>>> print(open('data.tsv').read())   # TSV, N, CA and C atoms
chain	number	residue	atom	x	y	z
M	10	MET	N	56.56	143.84	104.04
M	10	MET	CA	55.98	143.04	105.10
M	10	MET	C	54.71	143.70	105.65
M	11	GLU	N	54.69	144.99	105.73
M	11	GLU	CA	53.52	145.70	106.25
M	11	GLU	C	52.27	145.34	105.45
M	12	GLU	N	52.42	145.17	104.14
M	12	GLU	CA	51.26	144.83	103.31
M	12	GLU	C	50.69	143.47	103.70
M	13	TRP	N	51.58	142.54	104.03
M	13	TRP	CA	51.11	141.22	104.44
M	13	TRP	C	50.34	141.30	105.76
M	14	LEU	N	50.82	142.14	106.64
M	14	LEU	CA	50.15	142.25	107.93
M	14	LEU	C	48.81	142.95	107.82
M	15	GLU	N	48.59	143.66	106.75
M	15	GLU	CA	47.32	144.36	106.54
M	15	GLU	C	46.22	143.42	106.04
M	16	ILE	N	46.61	142.24	105.57
M	16	ILE	CA	45.61	141.29	105.09
M	16	ILE	C	44.69	140.92	106.26
M	17	GLY	N	43.43	140.98	106.04
M	17	GLY	CA	42.47	140.65	107.07
M	17	GLY	C	42.22	141.78	108.05
M	18	LYS	N	42.75	142.95	107.75
M	18	LYS	CA	42.59	144.08	108.65
M	18	LYS	C	41.12	144.43	108.89
M	19	GLU	N	40.30	144.17	107.88
M	19	GLU	CA	38.88	144.50	108.02
M	19	GLU	C	38.12	143.49	108.88
M	20	ILE	N	38.76	142.39	109.24
M	20	ILE	CA	38.13	141.41	110.12
M	20	ILE	C	38.28	141.91	111.55
M	21	THR	N	37.17	142.13	112.20
M	21	THR	CA	37.21	142.66	113.57
M	21	THR	C	37.03	141.54	114.58
M	22	LEU	N	37.34	141.85	115.82
M	22	LEU	CA	37.13	140.89	116.90
M	22	LEU	C	35.65	140.54	117.01
M	23	LYS	N	34.79	141.50	116.76
M	23	LYS	CA	33.34	141.25	116.79
M	23	LYS	C	32.95	140.21	115.74
M	24	ASP	N	33.56	140.27	114.54
M	24	ASP	CA	33.30	139.27	113.49
M	24	ASP	C	33.74	137.89	113.95
M	25	VAL	N	34.90	137.82	114.55
M	25	VAL	CA	35.44	136.53	115.01
M	25	VAL	C	34.55	135.97	116.12
M	26	GLU	N	34.15	136.79	117.07
M	26	GLU	CA	33.29	136.32	118.16
M	26	GLU	C	31.96	135.81	117.63
M	27	LYS	N	31.43	136.47	116.62
M	27	LYS	CA	30.18	136.03	116.00
M	27	LYS	C	30.34	134.63	115.40
M	28	LEU	N	31.46	134.39	114.71
M	28	LEU	CA	31.72	133.07	114.14
M	28	LEU	C	31.89	132.02	115.23
M	29	LEU	N	32.59	132.36	116.29
M	29	LEU	CA	32.80	131.41	117.38
M	29	LEU	C	31.50	131.05	118.07
M	30	LYS	N	30.62	132.02	118.28
M	30	LYS	CA	29.34	131.73	118.91
M	30	LYS	C	28.49	130.82	118.04
M	31	ARG	N	28.53	131.05	116.73
M	31	ARG	CA	27.78	130.20	115.80
M	31	ARG	C	28.31	128.78	115.84
M	32	ARG	N	29.64	128.64	115.85
M	32	ARG	CA	30.25	127.32	115.90
M	32	ARG	C	29.91	126.63	117.22
M	33	ALA	N	29.97	127.35	118.32
M	33	ALA	CA	29.68	126.76	119.63
M	33	ALA	C	28.24	126.28	119.71
M	34	ALA	N	27.31	127.03	119.12
M	34	ALA	CA	25.91	126.62	119.13
M	34	ALA	C	25.71	125.31	118.38
M	35	ASN	N	26.49	125.10	117.33
M	35	ASN	CA	26.37	123.87	116.54
M	35	ASN	C	27.03	122.68	117.21
M	36	ASN	N	28.01	122.92	118.08
M	36	ASN	CA	28.78	121.83	118.67
M	36	ASN	C	28.55	121.68	120.17
M	37	ALA	N	27.48	122.26	120.69
M	37	ALA	CA	27.29	122.30	122.13
M	37	ALA	C	26.94	120.94	122.73
M	38	THR	N	26.33	120.03	122.00
M	38	THR	CA	25.87	118.79	122.56
M	38	THR	C	26.63	117.60	121.98
M	39	TRP	N	27.25	116.82	122.83
M	39	TRP	CA	27.88	115.58	122.40
M	39	TRP	C	26.87	114.46	122.61
M	40	GLU	N	26.93	113.45	121.78
M	40	GLU	CA	25.96	112.35	121.89
M	40	GLU	C	26.57	111.12	122.54
M	41	CYS	N	27.73	110.70	122.08
M	41	CYS	CA	28.37	109.55	122.70
M	41	CYS	C	29.83	109.52	122.28
M	42	TYR	N	30.59	108.69	122.94
M	42	TYR	CA	31.97	108.43	122.53
M	42	TYR	C	32.31	107.02	122.97
M	43	THR	N	33.32	106.46	122.36
M	43	THR	CA	33.79	105.14	122.76
M	43	THR	C	35.16	105.27	123.38
M	44	SER	N	35.44	104.35	124.27
M	44	SER	CA	36.72	104.33	124.95
M	44	SER	C	37.04	102.88	125.29
M	45	PHE	N	38.08	102.67	126.07
M	45	PHE	CA	38.46	101.34	126.51
M	45	PHE	C	38.61	101.34	128.01
M	46	ASP	N	38.05	100.31	128.66
M	46	ASP	CA	38.15	100.23	130.11
M	46	ASP	C	39.53	99.70	130.50
M	47	ASP	N	39.70	99.42	131.78
M	47	ASP	CA	41.01	99.00	132.30
M	47	ASP	C	41.44	97.62	131.77
M	48	GLN	N	40.50	96.85	131.24
M	48	GLN	CA	40.82	95.54	130.65
M	48	GLN	C	40.89	95.62	129.13
M	49	ASP	N	40.98	96.82	128.59
M	49	ASP	CA	41.04	97.08	127.14
M	49	ASP	C	39.80	96.59	126.39
M	50	LYS	N	38.69	96.57	127.06
M	50	LYS	CA	37.41	96.23	126.44
M	50	LYS	C	36.75	97.53	125.99
M	51	GLU	N	36.27	97.55	124.74
M	51	GLU	CA	35.65	98.76	124.22
M	51	GLU	C	34.32	99.01	124.91
M	52	ILE	N	34.11	100.26	125.28
M	52	ILE	CA	32.84	100.66	125.90
M	52	ILE	C	32.33	101.91	125.21
M	53	MET	N	31.03	102.13	125.32
M	53	MET	CA	30.42	103.34	124.78
M	53	MET	C	29.80	104.12	125.93
M	54	VAL	N	30.04	105.40	125.94
M	54	VAL	CA	29.44	106.29	126.93
M	54	VAL	C	28.45	107.16	126.17
M	55	ILE	N	27.20	107.13	126.60
M	55	ILE	CA	26.14	107.88	125.95
M	55	ILE	C	25.76	109.05	126.85
M	56	ASN	N	25.59	110.20	126.24
M	56	ASN	CA	25.20	111.40	126.99
M	56	ASN	C	23.88	111.15	127.71
M	57	PRO	N	23.87	111.27	129.04
M	57	PRO	CA	22.62	111.00	129.77
M	57	PRO	C	21.54	112.04	129.52
M	58	LYS	N	21.88	113.17	128.91
M	58	LYS	CA	20.88	114.20	128.64
M	58	LYS	C	20.18	114.04	127.29
M	59	LEU	N	20.54	113.00	126.54
M	59	LEU	CA	19.90	112.78	125.24
M	59	LEU	C	18.45	112.36	125.42
M	60	SER	N	17.66	112.60	124.39
M	60	SER	CA	16.28	112.12	124.41
M	60	SER	C	16.30	110.59	124.38
M	61	LEU	N	15.20	109.98	124.80
M	61	LEU	CA	15.11	108.52	124.79
M	61	LEU	C	15.30	107.97	123.38
M	62	GLU	N	14.79	108.70	122.39
M	62	GLU	CA	14.92	108.25	121.00
M	62	GLU	C	16.39	108.22	120.57
M	63	ARG	N	17.12	109.32	120.82
M	63	ARG	CA	18.53	109.36	120.43
M	63	ARG	C	19.35	108.35	121.21
M	64	ARG	N	19.05	108.23	122.50
M	64	ARG	CA	19.77	107.27	123.33
M	64	ARG	C	19.52	105.84	122.81
M	65	GLY	N	18.29	105.56	122.45
M	65	GLY	CA	17.95	104.23	121.93
M	65	GLY	C	18.72	103.89	120.67
M	66	ARG	N	18.91	104.87	119.80
M	66	ARG	CA	19.68	104.62	118.57
M	66	ARG	C	21.12	104.23	118.88
M	67	TRP	N	21.74	104.95	119.85
M	67	TRP	CA	23.12	104.62	120.21
M	67	TRP	C	23.20	103.27	120.91
M	68	GLU	N	22.19	102.94	121.73
M	68	GLU	CA	22.18	101.65	122.39
M	68	GLU	C	22.09	100.52	121.38
M	69	GLU	N	21.24	100.70	120.35
M	69	GLU	CA	21.14	99.70	119.28
M	69	GLU	C	22.47	99.51	118.57
M	70	GLU	N	23.14	100.63	118.27
M	70	GLU	CA	24.43	100.53	117.59
M	70	GLU	C	25.46	99.80	118.46
M	71	ALA	N	25.50	100.13	119.74
M	71	ALA	CA	26.44	99.47	120.65
M	71	ALA	C	26.15	97.98	120.73
M	72	ASN	N	24.88	97.62	120.85
M	72	ASN	CA	24.51	96.21	120.93
M	72	ASN	C	24.86	95.46	119.66
M	73	SER	N	24.66	96.10	118.51
M	73	SER	CA	24.96	95.43	117.25
M	73	SER	C	26.46	95.19	117.07
M	74	LYS	N	27.27	96.01	117.71
M	74	LYS	CA	28.73	95.86	117.62
M	74	LYS	C	29.32	95.10	118.80
M	75	GLY	N	28.46	94.72	119.74
M	75	GLY	CA	28.94	94.00	120.92
M	75	GLY	C	29.73	94.89	121.87
M	76	VAL	N	29.42	96.19	121.88
M	76	VAL	CA	30.14	97.14	122.73
M	76	VAL	C	29.32	97.38	123.99
M	77	GLU	N	29.96	97.28	125.14
M	77	GLU	CA	29.28	97.52	126.41
M	77	GLU	C	28.98	99.01	126.57
M	78	ILE	N	27.82	99.31	127.13
M	78	ILE	CA	27.46	100.69	127.42
M	78	ILE	C	27.80	100.95	128.89
M	79	ALA	N	28.59	101.98	129.10
M	79	ALA	CA	29.04	102.29	130.46
M	79	ALA	C	27.94	102.99	131.24
M	80	ASP	N	27.73	102.52	132.46
M	80	ASP	CA	26.80	103.19	133.37
M	80	ASP	C	27.64	103.95	134.40
M	81	PHE	N	26.98	104.64	135.32
M	81	PHE	CA	27.72	105.45	136.28
M	81	PHE	C	28.64	104.64	137.18
M	82	PRO	N	28.23	103.46	137.69
M	82	PRO	CA	29.19	102.67	138.48
M	82	PRO	C	30.43	102.28	137.67
M	83	LYS	N	30.24	101.98	136.40
M	83	LYS	CA	31.38	101.63	135.54
M	83	LYS	C	32.31	102.83	135.39
M	84	LEU	N	31.74	104.01	135.18
M	84	LEU	CA	32.56	105.21	135.03
M	84	LEU	C	33.35	105.50	136.30
M	85	HIS	N	32.71	105.33	137.44
M	85	HIS	CA	33.38	105.62	138.72
M	85	HIS	C	34.38	104.55	139.12
M	86	SER	N	34.36	103.41	138.46
M	86	SER	CA	35.30	102.34	138.81
M	86	SER	C	36.67	102.57	138.17
M	87	SER	N	36.76	103.49	137.25
M	87	SER	CA	38.02	103.72	136.54
M	87	SER	C	38.33	105.21	136.48
M	88	PRO	N	39.45	105.65	137.04
M	88	PRO	CA	39.81	107.06	136.96
M	88	PRO	C	39.91	107.56	135.51
M	89	LYS	N	40.39	106.71	134.61
M	89	LYS	CA	40.51	107.09	133.20
M	89	LYS	C	39.13	107.36	132.60
M	90	LEU	N	38.21	106.43	132.80
M	90	LEU	CA	36.86	106.59	132.25
M	90	LEU	C	36.14	107.79	132.87
M	91	LEU	N	36.29	107.97	134.17
M	91	LEU	CA	35.65	109.10	134.83
M	91	LEU	C	36.24	110.41	134.32
M	92	GLY	N	37.56	110.46	134.12
M	92	GLY	CA	38.20	111.66	133.59
M	92	GLY	C	37.70	112.01	132.21
M	93	GLU	N	37.57	111.00	131.35
M	93	GLU	CA	37.06	111.25	129.99
M	93	GLU	C	35.62	111.77	130.04
M	94	PHE	N	34.81	111.14	130.90
M	94	PHE	CA	33.42	111.57	131.03
M	94	PHE	C	33.34	113.02	131.51
M	95	LEU	N	34.13	113.36	132.52
M	95	LEU	CA	34.12	114.73	133.03
M	95	LEU	C	34.62	115.71	131.97
M	96	HIS	N	35.55	115.27	131.15
M	96	HIS	CA	36.04	116.12	130.07
M	96	HIS	C	34.89	116.49	129.13
M	97	PHE	N	34.08	115.52	128.77
M	97	PHE	CA	32.97	115.78	127.85
M	97	PHE	C	31.83	116.54	128.50
M	98	THR	N	31.63	116.35	129.81
M	98	THR	CA	30.45	116.94	130.44
M	98	THR	C	30.72	118.25	131.18
M	99	LYS	N	31.91	118.42	131.71
M	99	LYS	CA	32.16	119.57	132.58
M	99	LYS	C	33.27	120.51	132.10
M	100	ALA	N	34.13	120.03	131.24
M	100	ALA	CA	35.28	120.84	130.84
M	100	ALA	C	34.85	122.10	130.12
M	101	GLU	N	35.54	123.17	130.38
M	101	GLU	CA	35.27	124.43	129.69
M	101	GLU	C	35.85	124.35	128.29
M	102	LYS	N	35.12	124.86	127.34
M	102	LYS	CA	35.54	124.82	125.94
M	102	LYS	C	36.10	126.17	125.54
M	103	TYR	N	37.13	126.15	124.79
M	103	TYR	CA	37.75	127.36	124.29
M	103	TYR	C	37.84	127.28	122.76
M	104	PRO	N	36.76	127.55	122.07
M	104	PRO	CA	36.83	127.48	120.60
M	104	PRO	C	37.73	128.58	120.06
M	105	THR	N	38.45	128.27	119.01
M	105	THR	CA	39.35	129.26	118.42
M	105	THR	C	39.19	129.27	116.91
M	106	ILE	N	39.54	130.38	116.36
M	106	ILE	CA	39.63	130.52	114.91
M	106	ILE	C	41.01	131.08	114.63
M	107	ARG	N	41.71	130.49	113.69
M	107	ARG	CA	43.04	130.99	113.33
M	107	ARG	C	43.08	131.25	111.85
M	108	TRP	N	43.83	132.23	111.50
M	108	TRP	CA	44.08	132.45	110.08
M	108	TRP	C	45.57	132.69	109.93
M	109	ASN	N	46.13	132.13	108.88
M	109	ASN	CA	47.58	132.13	108.67
M	109	ASN	C	47.92	132.81	107.36
M	110	PHE	N	49.05	133.46	107.35
M	110	PHE	CA	49.56	134.10	106.15
M	110	PHE	C	51.00	133.67	105.95
M	111	ASN	N	51.32	133.14	104.80
M	111	ASN	CA	52.70	132.78	104.50
M	111	ASN	C	53.46	134.02	104.06
M	112	TRP	N	54.64	134.18	104.58
M	112	TRP	CA	55.51	135.29	104.21
M	112	TRP	C	56.91	134.75	104.10
M	113	GLN	N	57.43	134.71	102.89
M	113	GLN	CA	58.72	134.09	102.59
M	113	GLN	C	58.72	132.69	103.19
M	114	LYS	N	59.65	132.39	104.08
M	114	LYS	CA	59.71	131.05	104.66
M	114	LYS	C	59.05	130.99	106.03
M	115	GLN	N	58.34	132.04	106.39
M	115	GLN	CA	57.73	132.09	107.70
M	115	GLN	C	56.21	132.14	107.57
M	116	GLU	N	55.57	131.76	108.63
M	116	GLU	CA	54.11	131.81	108.67
M	116	GLU	C	53.71	132.75	109.79
M	117	ILE	N	52.88	133.71	109.47
M	117	ILE	CA	52.39	134.67	110.44
M	117	ILE	C	51.00	134.20	110.86
M	118	GLN	N	50.80	134.10	112.15
M	118	GLN	CA	49.54	133.58	112.65
M	118	GLN	C	48.81	134.65	113.44
M	119	LYS	N	47.54	134.81	113.13
M	119	LYS	CA	46.66	135.65	113.94
M	119	LYS	C	45.58	134.73	114.48
M	120	GLY	N	45.03	135.06	115.61
M	120	GLY	CA	43.98	134.20	116.14
M	120	GLY	C	43.20	134.87	117.23
M	121	SER	N	42.11	134.23	117.58
M	121	SER	CA	41.26	134.73	118.65
M	121	SER	C	40.57	133.56	119.29
M	122	SER	N	40.28	133.67	120.56
M	122	SER	CA	39.49	132.63	121.22
M	122	SER	C	38.40	133.30	122.03
M	123	LEU	N	37.37	132.53	122.29
M	123	LEU	CA	36.22	133.04	123.02
M	123	LEU	C	35.92	132.07	124.14
M	124	TYR	N	35.88	132.55	125.36
M	124	TYR	CA	35.56	131.71	126.50
M	124	TYR	C	34.08	131.36	126.43
M	125	GLN	N	33.78	130.09	126.62
M	125	GLN	CA	32.39	129.67	126.65
M	125	GLN	C	32.24	128.53	127.63
M	126	ARG	N	31.25	128.60	128.46
M	126	ARG	CA	30.97	127.50	129.39
M	126	ARG	C	29.82	126.69	128.82
M	127	VAL	N	30.04	125.40	128.64
M	127	VAL	CA	29.02	124.52	128.07
M	127	VAL	C	28.25	123.87	129.18
>>> encode(input="data.tsv", output="structure tokens")
Amino acid sequence: MEEWLEIGKEITLKDVEKLLKRRAANNATWECYTSFDDQDKEIMVINPKLSLERRGRWEEEANSKGVEIADFPKLHSSPKLLGEFLHFTKAEKYPTIRWNFNWQKQEIQKGSSLYQRV
């Protein structure tokens, strides 16, 4: 069993943190998401920090599909919609990397996470 636990021994916490920072840099900006309002009507929420060009592309897609674009009054009218929006805009992200090793009928898990504020 000791040999199995030695697998990945050369991977340091510094290596894992480097990978997590690279991943976080690639995933730091969300563009839009779709959800359903209180009447089960599909809506699209577009990141207000997007450039006008990117925002315009999402608006065209929403219009072509007949999906309403949520504005701030719409978000504040529904606790569910506001919660989802706050999740995407304010929630702290905890990216993780896990690696697993099978040993007989058991799985040994090692992992690391890095706190990051988006």
>>> atom_distance(input="data.tsv", atom1="atom CA of M:Leu91", atom2="atom CA of M:Asp49")
15.3 Å
>>> atom_distance(input="data.tsv", atom1="atom C of M:Lys30", atom2="atom N of M:Trp67")
26.8 Å
>>> residues_around(input="data.tsv", residues="M:Asp47", least_positions_apart="3", cutoff="8 Å", atoms="only N, CA and C atoms", output="MDAnalysis selection string")
chainID M and resid 44 50 86:87 89:90
>>> atom_distance(input="data.tsv", atom1="atom N of M:Ala100", atom2="atom C of M:His85")
17.4 Å
>>> residues_around(input="data.tsv", residues="M:Ile55", least_positions_apart="5", cutoff="9 Å", atoms="only C-alpha atoms", output="list in words")
Trp39, Glu40, Cys41, Tyr42, Thr43, Arg64, Trp67, Glu68, Ile78, Ala79 and Asp80 of chain M
